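Trainee: Below is query-v3.txt; it holds compact mmCIF, C-alpha atoms.
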```
# COMPACT_ATOMS: atom_id res chain seq x y z
CA MET W 1210 -22.86 -24.93 54.75
CA SER W 1211 -26.30 -23.83 53.60
CA GLU W 1212 -27.20 -20.29 52.68
CA GLU W 1213 -29.36 -20.02 55.79
CA SER W 1214 -26.46 -20.90 58.12
CA THR W 1215 -25.17 -18.09 60.30
CA GLN W 1216 -21.88 -17.08 61.86
CA PRO W 1217 -21.58 -16.67 65.63
CA GLY W 1218 -22.81 -13.27 66.79
CA LEU W 1219 -24.90 -12.56 63.69
CA PRO W 1220 -28.71 -12.51 63.69
CA ALA W 1221 -30.17 -15.69 62.24
CA VAL W 1222 -31.98 -13.78 59.51
CA ILE W 1223 -28.69 -12.58 57.94
CA LYS W 1224 -27.29 -14.88 55.31
CA VAL W 1225 -23.60 -15.71 55.37
CA ARG W 1226 -22.97 -14.50 51.84
CA GLU W 1227 -24.54 -11.13 52.76
CA ALA W 1228 -22.53 -10.85 55.96
CA ILE W 1229 -19.15 -11.39 54.35
CA LEU W 1230 -19.50 -9.05 51.36
CA PRO W 1231 -16.21 -7.16 50.94
CA SER W 1232 -16.24 -3.58 52.23
CA ALA W 1233 -14.32 -0.53 51.09
CA PRO W 1234 -11.37 0.51 53.30
CA ARG W 1235 -12.59 2.38 56.38
CA GLN W 1236 -10.53 5.48 55.58
CA ALA W 1237 -12.08 5.70 52.12
CA VAL W 1238 -15.58 5.47 53.64
CA GLU W 1239 -14.76 8.13 56.24
CA ASP W 1240 -13.36 10.42 53.54
CA ALA W 1241 -16.53 9.96 51.49
CA ALA W 1242 -18.69 10.66 54.55
CA ASP W 1243 -16.71 13.84 55.27
CA ALA W 1244 -17.17 14.96 51.66
CA LEU W 1245 -20.95 14.44 51.91
CA ALA W 1246 -21.06 16.34 55.19
CA LYS W 1247 -19.29 19.29 53.56
CA GLN W 1248 -21.85 19.29 50.77
CA SER W 1249 -24.60 19.84 53.36
CA VAL W 1250 -23.41 23.43 53.87
CA ALA W 1251 -23.02 26.02 51.09
CA GLU W 1252 -19.43 26.83 50.13
CA ASN W 1253 -19.78 30.50 51.09
CA THR W 1254 -21.20 29.52 54.48
CA THR W 1255 -18.31 27.12 55.05
CA ARG W 1256 -15.81 29.89 54.31
CA SER W 1257 -17.61 32.24 56.68
CA TYR W 1258 -17.71 29.63 59.44
CA LYS W 1259 -13.99 29.00 59.04
CA SER W 1260 -13.20 32.71 59.31
CA ASP W 1261 -15.55 33.14 62.28
CA TRP W 1262 -14.06 30.15 64.09
CA GLU W 1263 -10.55 31.51 63.61
CA SER W 1264 -11.77 34.81 65.07
CA TRP W 1265 -13.19 32.98 68.09
CA GLU W 1266 -9.94 31.03 68.56
CA ALA W 1267 -7.92 34.26 68.46
CA PHE W 1268 -10.21 35.77 71.10
CA CYS W 1269 -9.80 32.72 73.33
CA SER W 1270 -6.02 32.75 72.89
CA ALA W 1271 -5.85 36.42 73.88
CA HIS W 1272 -7.89 35.86 77.05
CA GLY W 1273 -6.74 32.38 78.06
CA PHE W 1274 -10.08 30.70 77.31
CA ALA W 1275 -10.63 27.21 75.91
CA PRO W 1276 -12.34 27.50 72.50
CA LEU W 1277 -13.72 23.96 72.68
CA PRO W 1278 -15.91 23.25 74.57
CA ALA W 1279 -16.99 26.86 74.78
CA ASP W 1280 -18.31 28.48 77.93
CA PRO W 1281 -21.54 30.45 77.22
CA GLU W 1282 -20.37 33.29 79.44
CA GLN W 1283 -17.14 33.58 77.46
CA VAL W 1284 -19.07 33.45 74.18
CA ARG W 1285 -21.17 36.32 75.53
CA LEU W 1286 -17.99 38.35 76.02
CA TYR W 1287 -16.88 37.47 72.48
CA LEU W 1288 -20.16 38.61 70.92
CA THR W 1289 -19.92 41.80 72.94
CA GLN W 1290 -16.41 42.38 71.58
CA LEU W 1291 -17.79 42.06 68.05
CA THR W 1292 -20.05 45.04 68.70
CA GLN W 1293 -17.10 47.09 69.96
CA PHE W 1294 -14.95 46.15 66.98
CA ALA W 1295 -17.67 47.26 64.57
CA GLY W 1296 -17.89 50.59 66.37
CA ARG W 1297 -14.17 51.26 66.12
CA LYS W 1298 -14.25 50.65 62.39
CA GLY W 1299 -17.17 52.99 61.94
CA ARG W 1300 -19.40 50.15 60.75
CA LYS W 1301 -22.70 48.86 62.02
CA LEU W 1302 -22.77 45.33 63.36
CA ARG W 1303 -25.54 43.40 61.70
CA PRO W 1304 -27.38 41.12 64.12
CA ARG W 1305 -27.23 38.36 61.54
CA THR W 1306 -23.42 38.65 61.55
CA ALA W 1307 -23.34 38.05 65.31
CA GLN W 1308 -25.78 35.17 64.80
CA ARG W 1309 -23.49 33.68 62.16
CA HIS W 1310 -20.49 33.82 64.53
CA LEU W 1311 -22.60 32.00 67.12
CA ALA W 1312 -23.65 29.42 64.52
CA ALA W 1313 -20.00 28.87 63.54
CA ILE W 1314 -19.07 28.09 67.14
CA ALA W 1315 -21.99 25.68 67.39
CA ALA W 1316 -21.02 24.02 64.08
CA ALA W 1317 -17.48 23.39 65.33
CA HIS W 1318 -18.91 21.69 68.41
CA ARG W 1319 -21.21 19.49 66.32
CA ALA W 1320 -18.27 18.45 64.17
CA GLN W 1321 -16.57 17.12 67.32
CA ASP W 1322 -19.80 15.59 68.72
CA ILE W 1323 -19.76 18.10 71.57
CA GLY W 1324 -22.96 19.69 72.75
CA PHE W 1325 -23.38 23.47 72.65
CA ASP W 1326 -26.64 25.23 73.46
CA THR W 1327 -27.09 28.35 71.35
CA ARG W 1328 -30.36 28.93 73.26
CA HIS W 1329 -28.59 29.24 76.60
CA PRO W 1330 -30.25 32.08 78.59
CA VAL W 1331 -27.00 34.08 78.67
CA LEU W 1332 -26.68 33.89 74.88
CA CYS W 1333 -30.36 34.62 74.28
CA ARG W 1334 -30.15 37.80 76.37
CA THR W 1335 -26.96 38.84 74.58
CA MET W 1336 -28.43 38.35 71.10
CA ALA W 1337 -31.61 40.15 72.13
CA GLY W 1338 -29.50 43.11 73.26
CA ILE W 1339 -27.55 43.10 69.98
CA ARG W 1340 -30.78 43.08 67.97
CA ARG W 1341 -32.15 46.01 69.94
CA ALA W 1342 -28.91 48.01 69.67
CA PHE W 1343 -28.02 47.22 66.06
CA GLY W 1344 -31.28 45.95 64.62
CA GLY W 1345 -32.24 49.02 62.62
CA ARG W 1346 -33.29 48.71 59.03
CA GLN W 1347 -30.61 46.80 57.16
CA GLU W 1348 -29.51 48.59 54.03
CA GLY W 1349 -29.05 46.11 51.23
CA ALA W 1350 -27.20 46.77 48.02
CA PRO W 1351 -29.04 49.45 46.02
CA ALA W 1352 -30.79 48.33 42.87
CA LEU W 1353 -29.33 49.08 39.45
CA ARG W 1354 -32.26 50.29 37.35
CA TYR W 1355 -32.73 50.25 33.57
CA ASP W 1356 -31.18 53.67 33.08
CA ASP W 1357 -28.17 52.68 35.18
CA ILE W 1358 -27.62 49.53 33.12
CA ALA W 1359 -27.83 51.53 29.89
CA ALA W 1360 -25.30 54.05 31.23
CA ILE W 1361 -22.93 51.24 32.17
CA CYS W 1362 -23.21 49.60 28.74
CA LYS W 1363 -22.20 52.85 27.05
CA THR W 1364 -18.81 52.67 28.79
CA PHE W 1365 -17.82 49.30 27.34
CA GLY W 1366 -15.32 49.02 24.52
CA LEU W 1367 -14.57 46.16 22.15
CA ASP W 1368 -11.69 44.64 24.12
CA VAL W 1369 -12.09 41.16 25.60
CA ARG W 1370 -12.46 42.38 29.19
CA SER W 1371 -15.18 44.85 28.24
CA VAL W 1372 -17.03 42.21 26.24
CA ARG W 1373 -16.91 39.83 29.21
CA ASN W 1374 -17.99 42.47 31.70
CA LYS W 1375 -20.91 43.49 29.52
CA ALA W 1376 -22.08 39.88 29.32
CA ILE W 1377 -21.85 39.54 33.11
CA ILE W 1378 -23.78 42.75 33.75
CA LEU W 1379 -26.58 42.06 31.27
CA LEU W 1380 -26.94 38.36 32.04
CA GLY W 1381 -26.89 39.02 35.79
CA PHE W 1382 -29.49 41.77 35.49
CA SER W 1383 -31.84 40.05 33.03
CA GLY W 1384 -31.69 36.72 34.85
CA GLY W 1385 -31.81 38.10 38.37
CA PHE W 1386 -28.84 35.88 39.15
CA ARG W 1387 -26.72 35.76 42.28
CA ARG W 1388 -22.99 36.18 41.67
CA SER W 1389 -22.41 32.57 42.81
CA GLU W 1390 -24.89 31.41 40.17
CA LEU W 1391 -23.19 33.40 37.41
CA VAL W 1392 -19.73 31.96 38.04
CA ALA W 1393 -21.10 28.41 38.38
CA LEU W 1394 -22.57 28.46 34.87
CA ASN W 1395 -21.04 26.27 32.18
CA VAL W 1396 -21.41 26.80 28.46
CA GLU W 1397 -23.45 23.59 28.26
CA ASP W 1398 -26.03 25.23 30.53
CA LEU W 1399 -26.94 27.67 27.75
CA ASP W 1400 -29.43 26.82 25.01
CA PHE W 1401 -29.70 29.44 22.27
CA ASP W 1402 -31.91 27.25 20.08
CA LYS W 1403 -34.65 26.23 22.52
CA HIS W 1404 -36.48 29.56 22.33
CA LYS W 1405 -36.37 31.89 19.33
CA ASP W 1406 -37.14 34.88 21.56
CA GLY W 1407 -34.10 34.47 23.76
CA LEU W 1408 -31.81 32.19 25.68
CA ALA W 1409 -32.63 29.34 28.07
CA VAL W 1410 -30.26 28.96 31.01
CA VAL W 1411 -30.25 25.81 33.14
CA LEU W 1412 -29.36 26.67 36.72
CA LYS W 1413 -28.24 23.37 38.24
CA ARG W 1414 -27.81 24.58 41.81
CA SER W 1415 -28.37 27.75 43.81
CA LYS W 1416 -28.48 29.12 47.34
CA THR W 1417 -32.10 28.08 47.78
CA ASP W 1418 -31.65 24.80 45.86
CA GLN W 1419 -28.84 23.02 47.68
CA ASP W 1420 -30.24 19.62 46.62
CA GLY W 1421 -29.52 20.45 42.99
CA LYS W 1422 -33.03 20.00 41.60
CA GLY W 1423 -32.26 22.76 39.12
CA ARG W 1424 -34.50 25.15 37.22
CA MET W 1425 -34.61 26.85 33.83
CA VAL W 1426 -34.34 30.62 33.53
CA ALA W 1427 -35.45 32.46 30.40
CA ILE W 1428 -33.35 35.36 29.14
CA VAL W 1429 -35.37 37.49 26.73
CA LYS W 1430 -33.69 39.25 23.81
CA GLY W 1431 -33.39 43.00 24.19
CA ALA W 1432 -34.93 45.36 21.67
CA ASN W 1433 -31.82 47.56 21.85
CA PRO W 1434 -28.61 45.81 20.68
CA LEU W 1435 -26.65 47.93 23.16
CA THR W 1436 -28.36 46.27 26.11
CA CYS W 1437 -29.36 42.86 24.71
CA PRO W 1438 -28.17 40.13 27.12
CA VAL W 1439 -28.36 37.37 24.50
CA ALA W 1440 -26.19 39.30 22.04
CA ALA W 1441 -23.75 40.15 24.85
CA VAL W 1442 -23.29 36.50 25.86
CA LYS W 1443 -22.79 35.44 22.25
CA ALA W 1444 -20.21 38.20 21.76
CA TRP W 1445 -18.28 37.00 24.83
CA LEU W 1446 -18.24 33.39 23.63
CA ARG W 1447 -16.84 34.53 20.29
CA ALA W 1448 -14.28 36.88 21.79
CA ALA W 1449 -13.02 34.34 24.35
CA LYS W 1450 -13.13 31.44 21.86
CA ILE W 1451 -14.63 29.23 24.55
CA ASP W 1452 -15.14 25.57 23.70
CA ASP W 1453 -18.78 24.61 24.16
CA ALA W 1454 -17.98 21.00 24.97
CA GLY W 1455 -18.01 19.35 28.39
CA GLU W 1456 -17.69 21.37 31.57
CA SER W 1457 -16.31 24.57 30.06
CA ALA W 1458 -17.03 27.47 32.41
CA LEU W 1459 -18.95 30.39 30.97
CA PHE W 1460 -16.89 33.15 32.58
CA TYR W 1461 -13.12 33.30 32.97
CA PRO W 1462 -10.62 35.87 34.25
CA VAL W 1463 -8.89 38.16 31.76
CA ASN W 1464 -5.29 39.07 32.62
CA ARG W 1465 -3.56 42.43 32.20
CA TRP W 1466 -2.51 41.55 28.68
CA GLY W 1467 -6.08 40.83 27.60
CA ALA W 1468 -5.63 37.06 27.51
CA VAL W 1469 -8.38 34.77 28.81
CA GLU W 1470 -7.15 32.54 31.63
CA LEU W 1471 -8.46 29.01 32.02
CA ASN W 1472 -9.49 29.04 35.68
CA ARG W 1473 -13.14 29.77 36.46
CA LEU W 1474 -13.97 33.37 37.46
CA SER W 1475 -14.59 33.81 41.19
CA ASP W 1476 -17.73 35.32 42.68
CA LYS W 1477 -15.56 37.96 44.39
CA SER W 1478 -14.38 39.06 40.92
CA VAL W 1479 -18.00 39.56 39.83
CA ASP W 1480 -18.51 41.86 42.81
CA ASP W 1481 -15.37 43.82 41.89
CA ILE W 1482 -16.50 44.08 38.26
CA VAL W 1483 -19.90 45.53 39.19
CA LYS W 1484 -18.31 48.14 41.46
CA ALA W 1485 -15.74 49.09 38.79
CA VAL W 1486 -18.27 49.51 35.96
CA CYS W 1487 -20.55 51.59 38.20
CA ARG W 1488 -17.65 53.96 38.91
CA ALA W 1489 -16.77 54.08 35.21
CA ALA W 1490 -20.36 55.04 34.39
CA GLY W 1491 -20.23 57.90 36.89
CA LEU W 1492 -22.89 56.42 39.13
CA LYS W 1493 -22.75 57.90 42.60
CA ASP W 1494 -21.21 55.53 45.10
CA LYS W 1495 -24.23 54.12 46.91
CA GLY W 1496 -22.65 50.82 47.87
CA TYR W 1497 -23.32 49.05 44.60
CA SER W 1498 -22.33 45.38 44.53
CA ALA W 1499 -23.01 42.26 42.50
CA HIS W 1500 -26.32 41.93 44.33
CA SER W 1501 -27.39 45.25 42.78
CA LEU W 1502 -28.02 43.36 39.52
CA ARG W 1503 -30.42 40.94 41.20
CA ALA W 1504 -32.02 43.73 43.23
CA GLY W 1505 -32.45 45.77 40.07
CA HIS W 1506 -34.17 42.92 38.24
CA VAL W 1507 -36.70 42.42 41.04
CA THR W 1508 -37.31 46.14 41.55
CA GLU W 1509 -37.91 46.80 37.85
CA ALA W 1510 -40.11 43.71 37.51
CA LEU W 1511 -42.35 44.68 40.43
CA ALA W 1512 -42.45 48.33 39.36
CA GLY W 1513 -43.58 47.15 35.93
CA GLY W 1514 -46.44 45.15 37.44
CA ALA W 1515 -44.95 41.66 37.10
CA ASP W 1516 -46.70 38.90 39.04
CA ARG W 1517 -44.81 37.87 42.17
CA SER W 1518 -44.94 34.20 41.29
CA ALA W 1519 -43.30 34.99 37.95
CA VAL W 1520 -40.57 36.99 39.70
CA LYS W 1521 -39.89 34.10 42.10
CA ARG W 1522 -39.69 31.63 39.21
CA GLN W 1523 -37.09 33.83 37.59
CA THR W 1524 -34.99 34.63 40.65
CA GLY W 1525 -35.48 31.52 42.75
CA HIS W 1526 -36.70 33.43 45.80
CA ALA W 1527 -38.32 30.89 48.12
CA SER W 1528 -40.76 33.30 49.76
CA ASP W 1529 -42.28 36.76 49.49
CA ALA W 1530 -40.26 38.09 52.43
CA MET W 1531 -37.43 39.56 50.35
CA LEU W 1532 -39.76 40.60 47.54
CA ASP W 1533 -41.69 42.69 50.04
CA ARG W 1534 -38.72 44.99 50.56
CA TYR W 1535 -38.19 45.47 46.83
CA ALA W 1536 -41.92 46.03 46.39
CA ARG W 1537 -41.93 48.77 49.03
CA GLU W 1538 -39.09 50.55 47.25
CA ALA W 1539 -40.74 50.15 43.85
CA ASP W 1540 -44.07 51.41 45.19
CA LEU W 1541 -42.59 54.27 47.20
CA PHE W 1542 -43.57 56.82 44.58
CA ILE W 1543 -45.89 54.81 42.34
CA ASN W 1544 -48.47 54.27 45.08
CA ASN W 1545 -47.67 57.21 47.28
CA SER W 1546 -50.58 58.29 49.50
CA LEU W 1547 -50.09 61.94 48.48
CA ARG W 1548 -49.95 61.27 44.75
CA VAL W 1549 -52.56 63.95 43.98
CA GLU W 1550 -51.44 65.60 40.78
CA SER W 1551 -54.01 63.67 38.75
CA HIS W 1552 -56.78 64.93 41.03
CA LEU W 1553 -55.56 68.51 40.97
CA ALA W 1554 -54.84 68.73 37.29
CA ASP W 1555 -58.28 70.12 36.44
CA VAL W 1556 -58.66 72.31 39.49
CA LYS W 1557 -58.64 75.99 38.54
CA PRO W 1558 -57.28 78.73 40.80
CA MET W 1559 -59.88 80.24 43.11
CA ALA W 1560 -61.16 83.59 41.92
CA LYS W 1561 -60.23 86.56 43.98
CA VAL W 1562 -62.86 87.72 46.40
CA LYS W 1563 -63.97 91.22 45.55
```
The structure in this file should be written as structure tokens.
Mentor:
Amino acid sequence: MSEESTQPGLPAVIKVREAILPSAPRQAVEDAADALAKQSVAENTTRSYKSDWESWEAFCSAHGFAPLPADPEQVRLYLTQLTQFAGRKGRKLRPRTAQRHLAAIAAAHRAQDIGFDTRHPVLCRTMAGIRRAFGGRQEGAPALRYDDIAAICKTFGLDVRSVRNKAIILLGFSGGFRRSELVALNVEDLDFDKHKDGLAVVLKRSKTDQDGKGRMVAIVKGANPLTCPVAAVKAWLRAAKIDDAGESALFYPVNRWGAVELNRLSDKSVDDIVKAVCRAAGLKDKGYSAHSLRAGHVTEALAGGADRSAVKRQTGHASDAMLDRYAREADLFINNSLRVESHLADVKPMAKVK
């Protein structure tokens, strides 16, 4: 049989040897496809969707509703319940939280190839009402400023946990990193020799770079050894005796006996660390979190007159939208409309009228 011969049912243009190439087992292909699909959504988003879906299922079970396919009217009742739950706990419901719950329900439908219209008129009216009722100015994590970072560093000792925490605080602040980016770093991502003035960090993936294009972040040496991020990272590597070969994580847990454990530190632990060191430094509880390091970097940079494009290169912000909020806070007093002391400095008191 010639190469151009065809099997019954196959287009004439397909060669036999191409048509009968061996294929991987179907289950293996399906597993690989599922793995790729999971990679399309960030890990934190996947966890949130799972939690939100379980919440929706519990609501349906309590009221005798079918979770899949979902009835828009029943979803409306669920979103309304979310607002009531937030009120009982003394917390504000963020509109984006309600939107995420709605997105989780839609995602579950897509996974089962079932249609679900998040733009259904009933749902649009419900979300519009939630935005009007709970859509006040969203308070993000407050920024940790230079003085705050210095105060925190003064509380650290020489034990392994303190050395690690100091490295996390200073690297997170100087790099403007998210907590997920900090815990994803490997030792091989650090280059102490590339730049004599600091440390080059290769960020392979981030929230705004899900395709893994990567970018390099420069960490400049600090003039004060107490707050130098490069010195802090080097001290942690020495104290933890971390192997710099292969995929060694940069940050690890430290147990109650001061021993470094071999599993990678979680992003939740970074959040806990920031809150703990802020309390230890006597900073008033303003809702500090791991994001306070990133917020502090941006706020200080803008207050110091840094170019916005330079800030975005450092932090990976995709647009100016978030920078605008930090800029408003940084400029609140710097460019205040009633900043008149410079104009009044030379004004002498009016002489008394005789």
Trainee: Go through W:Val1429, W:Tyr1287, W:Tyr1355, W:Gly1381 one by one, measure the shortest atom-to-atom distance of each to Gly1513 in chain W using only C-alpha atoms, and give the residue with the smallest value.
Mentor: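 Closest to Gly1513 in chain W, using only C-alpha atoms: W:Tyr1355.
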Trainee: Is there a way to get, as a ChimeraX atom specification, all residues within 10 Å of the point (-25.6, 38.2, 23.9) in file coordinates, counting only C-alpha atoms?
Mentor: /W:1372,1375-1376,1379-1380,1401,1407-1408,1428,1430-1431,1434-1446
Trainee: When you look at Ser1371 in chain W with a cut-off of 10 Å (counting only C-alpha atoms), what residues show up, excluding the ones that are within fewer than 3 positions of it in the same chain? I need them as a PDB file with C-alpha atoms, in the coordinates of the input.
Mentor:
```
ATOM      1  CA  CYS W1362     -23.210  49.600  28.740  1.00  0.00           C
ATOM      2  CA  THR W1364     -18.810  52.670  28.790  1.00  0.00           C
ATOM      3  CA  PHE W1365     -17.820  49.300  27.340  1.00  0.00           C
ATOM      4  CA  GLY W1366     -15.320  49.020  24.520  1.00  0.00           C
ATOM      5  CA  LEU W1367     -14.570  46.160  22.150  1.00  0.00           C
ATOM      6  CA  ASP W1368     -11.690  44.640  24.120  1.00  0.00           C
ATOM      7  CA  ASN W1374     -17.990  42.470  31.700  1.00  0.00           C
ATOM      8  CA  LYS W1375     -20.910  43.490  29.520  1.00  0.00           C
ATOM      9  CA  ALA W1376     -22.080  39.880  29.320  1.00  0.00           C
ATOM     10  CA  ILE W1377     -21.850  39.540  33.110  1.00  0.00           C
ATOM     11  CA  TRP W1445     -18.280  37.000  24.830  1.00  0.00           C
ATOM     12  CA  VAL W1463      -8.890  38.160  31.760  1.00  0.00           C
ATOM     13  CA  GLY W1467      -6.080  40.830  27.600  1.00  0.00           C
ATOM     14  CA  VAL W1486     -18.270  49.510  35.960  1.00  0.00           C
TER      15      VAL W1486
END
```
Trainee: Work out how far CA of Gln1290 in chain W is from CA of Ala1313 in chain W, in Å to one decimal.
Mentor: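 Rounded to one decimal, the two atoms are 16.1 Å apart.
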Trainee: Check the smallest atom-to-atom distance from each of W:Leu1399, W:Val1369, W:Arg1503, W:Met1425 to Ala1458 in chain W using only C-alpha atoms, then report the winner.
Mentor: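 Answer, going by the shortest atom-to-atom distance: W:Leu1399.
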Trainee: Tell me, as a PyMOL selection string, which residues lie within 9 Å of Gly1324 in chain W, counting only C-alpha atoms; anything in the same chain fewer than 6 positions away does not count.
Mentor: chain W and resi 1278+1315+1318
Trainee: From the list W:Val1479, W:Ala1307, W:Ala1350, W:Ala1267, which residue is nearest Ser1389 in chain W when using only C-alpha atoms?
Mentor: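 The shortest atom-to-atom distance to Ser1389 in chain W comes from W:Val1479.
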Trainee: Would you compute the distance between CA of Ala1448 in chain W and CA of Ala1468 in chain W? Give it in Å to one decimal.
Mentor: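 Computed distance, CA of Ala1448 in chain W to CA of Ala1468 in chain W, equals 10.4 Å.
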Trainee: If we count only C-alpha atoms, what is near Thr1306 in chain W at a cut-off of 10 Å, once residues fewer than 2 positions away on the same chain are taken out, given as a list of chain:residue names?
Mentor: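 Surrounding residues, per the criterion: W:Ser1257, W:Asp1261, W:Leu1288, W:Leu1291, W:Leu1302, W:Arg1303, W:Pro1304, W:Gln1308, W:Arg1309, W:His1310, W:Leu1311, W:Ala1312.
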Trainee: How many Å lie between CA of Phe1325 in chain W and CA of Thr1255 in chain W, rounded to one decimal?
Mentor: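 Between CA of Phe1325 in chain W and CA of Thr1255 in chain W the gap works out to 18.7 Å.
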Trainee: Mind listing whatever residues come within 10 Å of the point (-10.4, 28.5, 35.7)? Use all atoms listed in the file, file coordinates, and give them as a ChimeraX atom specification.
Mentor: /W:1457-1462,1469-1475
